[in-house]
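Asks: Data: query.txt, compact mmCIF, C-alpha atoms.
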```txt
# COMPACT_ATOMS: atom_id res chain seq x y z
CA MET A 169 89.60 106.57 87.07
CA SER A 170 86.99 103.89 87.26
CA ALA A 171 85.85 102.57 90.64
CA GLY A 172 87.63 99.27 89.95
CA CYS A 173 90.88 101.04 89.11
CA LYS A 174 90.66 103.19 92.24
CA ALA A 175 90.03 100.10 94.38
CA TRP A 176 93.01 98.31 92.81
CA ALA A 177 95.27 101.33 93.42
CA GLU A 178 94.16 101.59 97.05
CA HIS A 179 94.78 97.87 97.59
CA ALA A 180 98.26 98.20 96.04
CA LYS A 181 99.03 101.18 98.28
CA THR A 182 97.98 99.23 101.38
CA ASN A 183 100.13 96.24 100.40
CA ALA A 184 103.11 98.50 99.69
CA ALA A 185 102.74 99.98 103.19
CA VAL A 186 102.95 96.46 104.65
CA VAL A 187 106.18 95.83 102.73
CA LYS A 188 107.59 99.18 103.79
CA GLU A 189 106.83 98.47 107.46
CA ALA A 190 108.36 94.98 107.35
CA CYS A 191 111.45 96.21 105.48
CA ASN A 192 111.91 99.58 107.13
CA ALA A 193 115.38 98.82 108.55
CA MET A 194 116.67 97.62 105.16
CA ILE A 195 115.14 100.62 103.42
CA ASP A 196 116.93 102.93 105.85
CA ALA A 197 120.21 101.02 105.54
CA ARG A 198 120.39 100.29 101.81
CA CYS A 199 117.56 101.96 99.92
CA ASN A 200 117.26 105.38 101.54
CA SER A 201 117.95 107.28 98.32
CA GLU A 202 115.04 105.47 96.61
CA LYS A 203 112.43 106.40 99.25
CA GLY A 204 110.76 108.91 96.97
CA ASP A 205 110.05 106.39 94.21
CA PRO A 206 108.19 103.24 95.33
CA LEU A 207 109.21 101.25 92.25
CA GLU A 208 112.89 102.08 92.71
CA MET A 209 112.59 101.18 96.38
CA LEU A 210 111.14 97.77 95.46
CA GLU A 211 113.93 97.22 92.94
CA CYS A 212 116.48 98.14 95.62
CA LEU A 213 114.95 95.66 98.06
CA GLN A 214 114.98 92.98 95.37
CA SER A 215 118.62 93.65 94.57
CA ASN A 216 119.44 93.23 98.29
CA TYR A 217 117.21 90.16 98.66
CA VAL A 218 119.92 87.96 100.22
CA ASP A 219 120.39 90.43 103.08
CA LEU A 220 116.69 90.94 103.88
CA THR A 221 115.11 89.65 107.06
CA VAL A 222 112.79 86.66 106.72
CA GLU A 223 109.75 88.84 107.43
CA CYS A 224 110.80 91.38 104.82
CA ARG A 225 111.37 88.66 102.21
CA GLU A 226 107.97 87.13 102.89
CA LYS A 227 106.13 90.45 102.56
CA LEU A 228 108.12 91.38 99.45
CA ASN A 229 107.32 88.01 97.82
CA VAL A 230 103.61 88.38 98.52
CA PHE A 231 103.65 91.90 97.11
CA LYS A 232 105.60 90.89 93.98
CA GLY A 233 103.22 88.01 93.36
CA LYS A 234 100.21 90.31 93.23
CA TYR A 235 101.40 92.99 90.85
CA PRO A 236 103.04 92.84 87.44
CA MET A 237 106.30 94.65 86.87
CA PRO A 238 105.84 97.97 85.09
CA VAL A 239 106.80 98.37 81.48
CA LYS A 240 109.86 100.58 81.10
```
Go through the file and emit its structure as structure tokens.
Replies:
Amino acid sequence: MSAGCKAWAEHAKTNAAVVKEACNAMIDARCNSEKGDPLEMLECLQSNYVDLTVECREKLNVFKGKYPMPVK
């Protein structure tokens, strides 16, 4: 990987950790089976958006705004 790509990946990993910390209770309650796959975990959080805490929603929105959805 190029240095730019590595830096982008590291930044994404750091931001994902912030989301995970803010949403930990919801992940444990509703998205526990998706813990192994970060993209599935994000989709699970999004599908439970109405039930998220304000802090979790804010962190999730910031994260979603920075990264494009993957092509499936």
Asks: What's the 7 Å shell around region 180-187 of chain A, counting only C-alpha atoms, without same-chain residues fewer than 3 positions away, as a compact mmCIF listing (two decimals) with C-alpha atoms, keeping the file's coordinate frame?
Replies:
```
# COMPACT_ATOMS: atom_id res chain seq x y z
CA TRP A 176 93.01 98.31 92.81
CA ALA A 177 95.27 101.33 93.42
CA ALA A 190 108.36 94.98 107.35
CA CYS A 191 111.45 96.21 105.48
CA CYS A 224 110.80 91.38 104.82
CA LYS A 227 106.13 90.45 102.56
CA LEU A 228 108.12 91.38 99.45
CA PHE A 231 103.65 91.90 97.11
```
Asks: Between A:Glu223, A:Ser170, A:Ser201, A:Glu208, which is the closest to Glu189 (chain A) once you count all atoms listed in the file?
Replies: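 With all atoms listed in the file as the atom set, the closest residue is A:Glu223.
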Asks: What does the distance between CA of Ala171 (chain A) and CA of Pro206 (chain A) come to in Å, to one decimal place?
Replies: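 Computed distance, CA of Ala171 (chain A) to CA of Pro206 (chain A), equals 22.8 Å.
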Asks: Go ahead and compute the interatomic distance for CA of Met209 (chain A) and CA of Ala175 (chain A), in Å to one decimal.
Replies: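 Straight-line distance from CA of Met209 (chain A) to CA of Ala175 (chain A) works out to 22.7 Å.
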Asks: Using all atoms listed in the file, which residues sit within 12 Å of Asn216 (chain A) once same-chain residues fewer than 2 positions away are excluded, as a PyMOL selection string?
Replies: chain A and resi 191+194-195+197-199+209-214+218-221+224-225+228
Asks: For the residues in the current selection, export C-alpha atoms as a tab-separated table (two decimals), in the frame of the given file.
Replies:
```
chain	number	residue	atom	x	y	z
A	191	CYS	CA	111.45	96.21	105.48
A	194	MET	CA	116.67	97.62	105.16
A	195	ILE	CA	115.14	100.62	103.42
A	197	ALA	CA	120.21	101.02	105.54
A	198	ARG	CA	120.39	100.29	101.81
A	199	CYS	CA	117.56	101.96	99.92
A	209	MET	CA	112.59	101.18	96.38
A	210	LEU	CA	111.14	97.77	95.46
A	211	GLU	CA	113.93	97.22	92.94
A	212	CYS	CA	116.48	98.14	95.62
A	213	LEU	CA	114.95	95.66	98.06
A	214	GLN	CA	114.98	92.98	95.37
A	218	VAL	CA	119.92	87.96	100.22
A	219	ASP	CA	120.39	90.43	103.08
A	220	LEU	CA	116.69	90.94	103.88
A	221	THR	CA	115.11	89.65	107.06
A	224	CYS	CA	110.80	91.38	104.82
A	225	ARG	CA	111.37	88.66	102.21
A	228	LEU	CA	108.12	91.38	99.45
```
Asks: What does the distance from CA of Asp196 (chain A) to CA of Gly233 (chain A) come to in Å, to one decimal?
Replies: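 Going from CA of Asp196 (chain A) over to CA of Gly233 (chain A), I get 23.8 Å.
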Asks: Missing atoms in region 195-218 of chain A: fill them in up to N, CA and C atoms and send the result as a JSON list (two decimals), in the frame of the given file.
Replies:
```json
[["chain", "number", "residue", "atom", "x", "y", "z"],
["A", 195, "ILE", "N", 115.35, 99.42, 104.22],
["A", 195, "ILE", "CA", 115.14, 100.62, 103.42],
["A", 195, "ILE", "C", 116.04, 101.74, 103.94],
["A", 196, "ASP", "N", 116.07, 101.90, 105.26],
["A", 196, "ASP", "CA", 116.93, 102.93, 105.85],
["A", 196, "ASP", "C", 118.41, 102.65, 105.60],
["A", 197, "ALA", "N", 118.80, 101.38, 105.67],
["A", 197, "ALA", "CA", 120.21, 101.02, 105.54],
["A", 197, "ALA", "C", 120.71, 101.01, 104.09],
["A", 198, "ARG", "N", 119.90, 100.51, 103.18],
["A", 198, "ARG", "CA", 120.39, 100.29, 101.81],
["A", 198, "ARG", "C", 119.62, 101.04, 100.72],
["A", 199, "CYS", "N", 118.40, 101.42, 100.99],
["A", 199, "CYS", "CA", 117.56, 101.96, 99.92],
["A", 199, "CYS", "C", 117.05, 103.36, 100.23],
["A", 200, "ASN", "N", 117.72, 104.06, 101.10],
["A", 200, "ASN", "CA", 117.26, 105.38, 101.54],
["A", 200, "ASN", "C", 117.12, 106.37, 100.40],
["A", 201, "SER", "N", 118.02, 106.31, 99.42],
["A", 201, "SER", "CA", 117.95, 107.28, 98.32],
["A", 201, "SER", "C", 116.77, 107.01, 97.39],
["A", 202, "GLU", "N", 116.17, 105.81, 97.46],
["A", 202, "GLU", "CA", 115.04, 105.47, 96.61],
["A", 202, "GLU", "C", 113.69, 105.70, 97.29],
["A", 203, "LYS", "N", 113.68, 106.25, 98.50],
["A", 203, "LYS", "CA", 112.43, 106.40, 99.25],
["A", 203, "LYS", "C", 111.36, 107.17, 98.51],
["A", 204, "GLY", "N", 111.75, 108.10, 97.67],
["A", 204, "GLY", "CA", 110.76, 108.91, 96.97],
["A", 204, "GLY", "C", 110.05, 108.19, 95.84],
["A", 205, "ASP", "N", 110.63, 107.13, 95.33],
["A", 205, "ASP", "CA", 110.05, 106.39, 94.21],
["A", 205, "ASP", "C", 109.78, 104.95, 94.65],
["A", 206, "PRO", "N", 108.51, 104.58, 94.84],
["A", 206, "PRO", "CA", 108.19, 103.24, 95.33],
["A", 206, "PRO", "C", 108.73, 102.11, 94.45],
["A", 207, "LEU", "N", 108.72, 102.30, 93.13],
["A", 207, "LEU", "CA", 109.21, 101.25, 92.25],
["A", 207, "LEU", "C", 110.72, 101.07, 92.38],
["A", 208, "GLU", "N", 111.44, 102.17, 92.50],
["A", 208, "GLU", "CA", 112.89, 102.08, 92.71],
["A", 208, "GLU", "C", 113.21, 101.45, 94.06],
["A", 209, "MET", "N", 112.40, 101.77, 95.07],
["A", 209, "MET", "CA", 112.59, 101.18, 96.38],
["A", 209, "MET", "C", 112.40, 99.66, 96.32],
["A", 210, "LEU", "N", 111.37, 99.21, 95.61],
["A", 210, "LEU", "CA", 111.14, 97.77, 95.46],
["A", 210, "LEU", "C", 112.29, 97.11, 94.71],
["A", 211, "GLU", "N", 112.78, 97.76, 93.68],
["A", 211, "GLU", "CA", 113.93, 97.22, 92.94],
["A", 211, "GLU", "C", 115.16, 97.14, 93.84],
["A", 212, "CYS", "N", 115.35, 98.14, 94.69],
["A", 212, "CYS", "CA", 116.48, 98.14, 95.62],
["A", 212, "CYS", "C", 116.35, 96.98, 96.60],
["A", 213, "LEU", "N", 115.16, 96.78, 97.15],
["A", 213, "LEU", "CA", 114.95, 95.66, 98.06],
["A", 213, "LEU", "C", 115.24, 94.34, 97.35],
["A", 214, "GLN", "N", 114.76, 94.22, 96.13],
["A", 214, "GLN", "CA", 114.98, 92.98, 95.37],
["A", 214, "GLN", "C", 116.46, 92.76, 95.13],
["A", 215, "SER", "N", 117.20, 93.82, 94.84],
["A", 215, "SER", "CA", 118.62, 93.65, 94.57],
["A", 215, "SER", "C", 119.41, 93.32, 95.85],
["A", 216, "ASN", "N", 118.82, 93.57, 97.00],
["A", 216, "ASN", "CA", 119.44, 93.23, 98.29],
["A", 216, "ASN", "C", 118.74, 92.05, 98.96],
["A", 217, "TYR", "N", 118.06, 91.24, 98.17],
["A", 217, "TYR", "CA", 117.21, 90.16, 98.66],
["A", 217, "TYR", "C", 117.93, 89.24, 99.64],
["A", 218, "VAL", "N", 119.16, 88.90, 99.38],
["A", 218, "VAL", "CA", 119.92, 87.96, 100.22],
["A", 218, "VAL", "C", 120.08, 88.50, 101.64]]
```
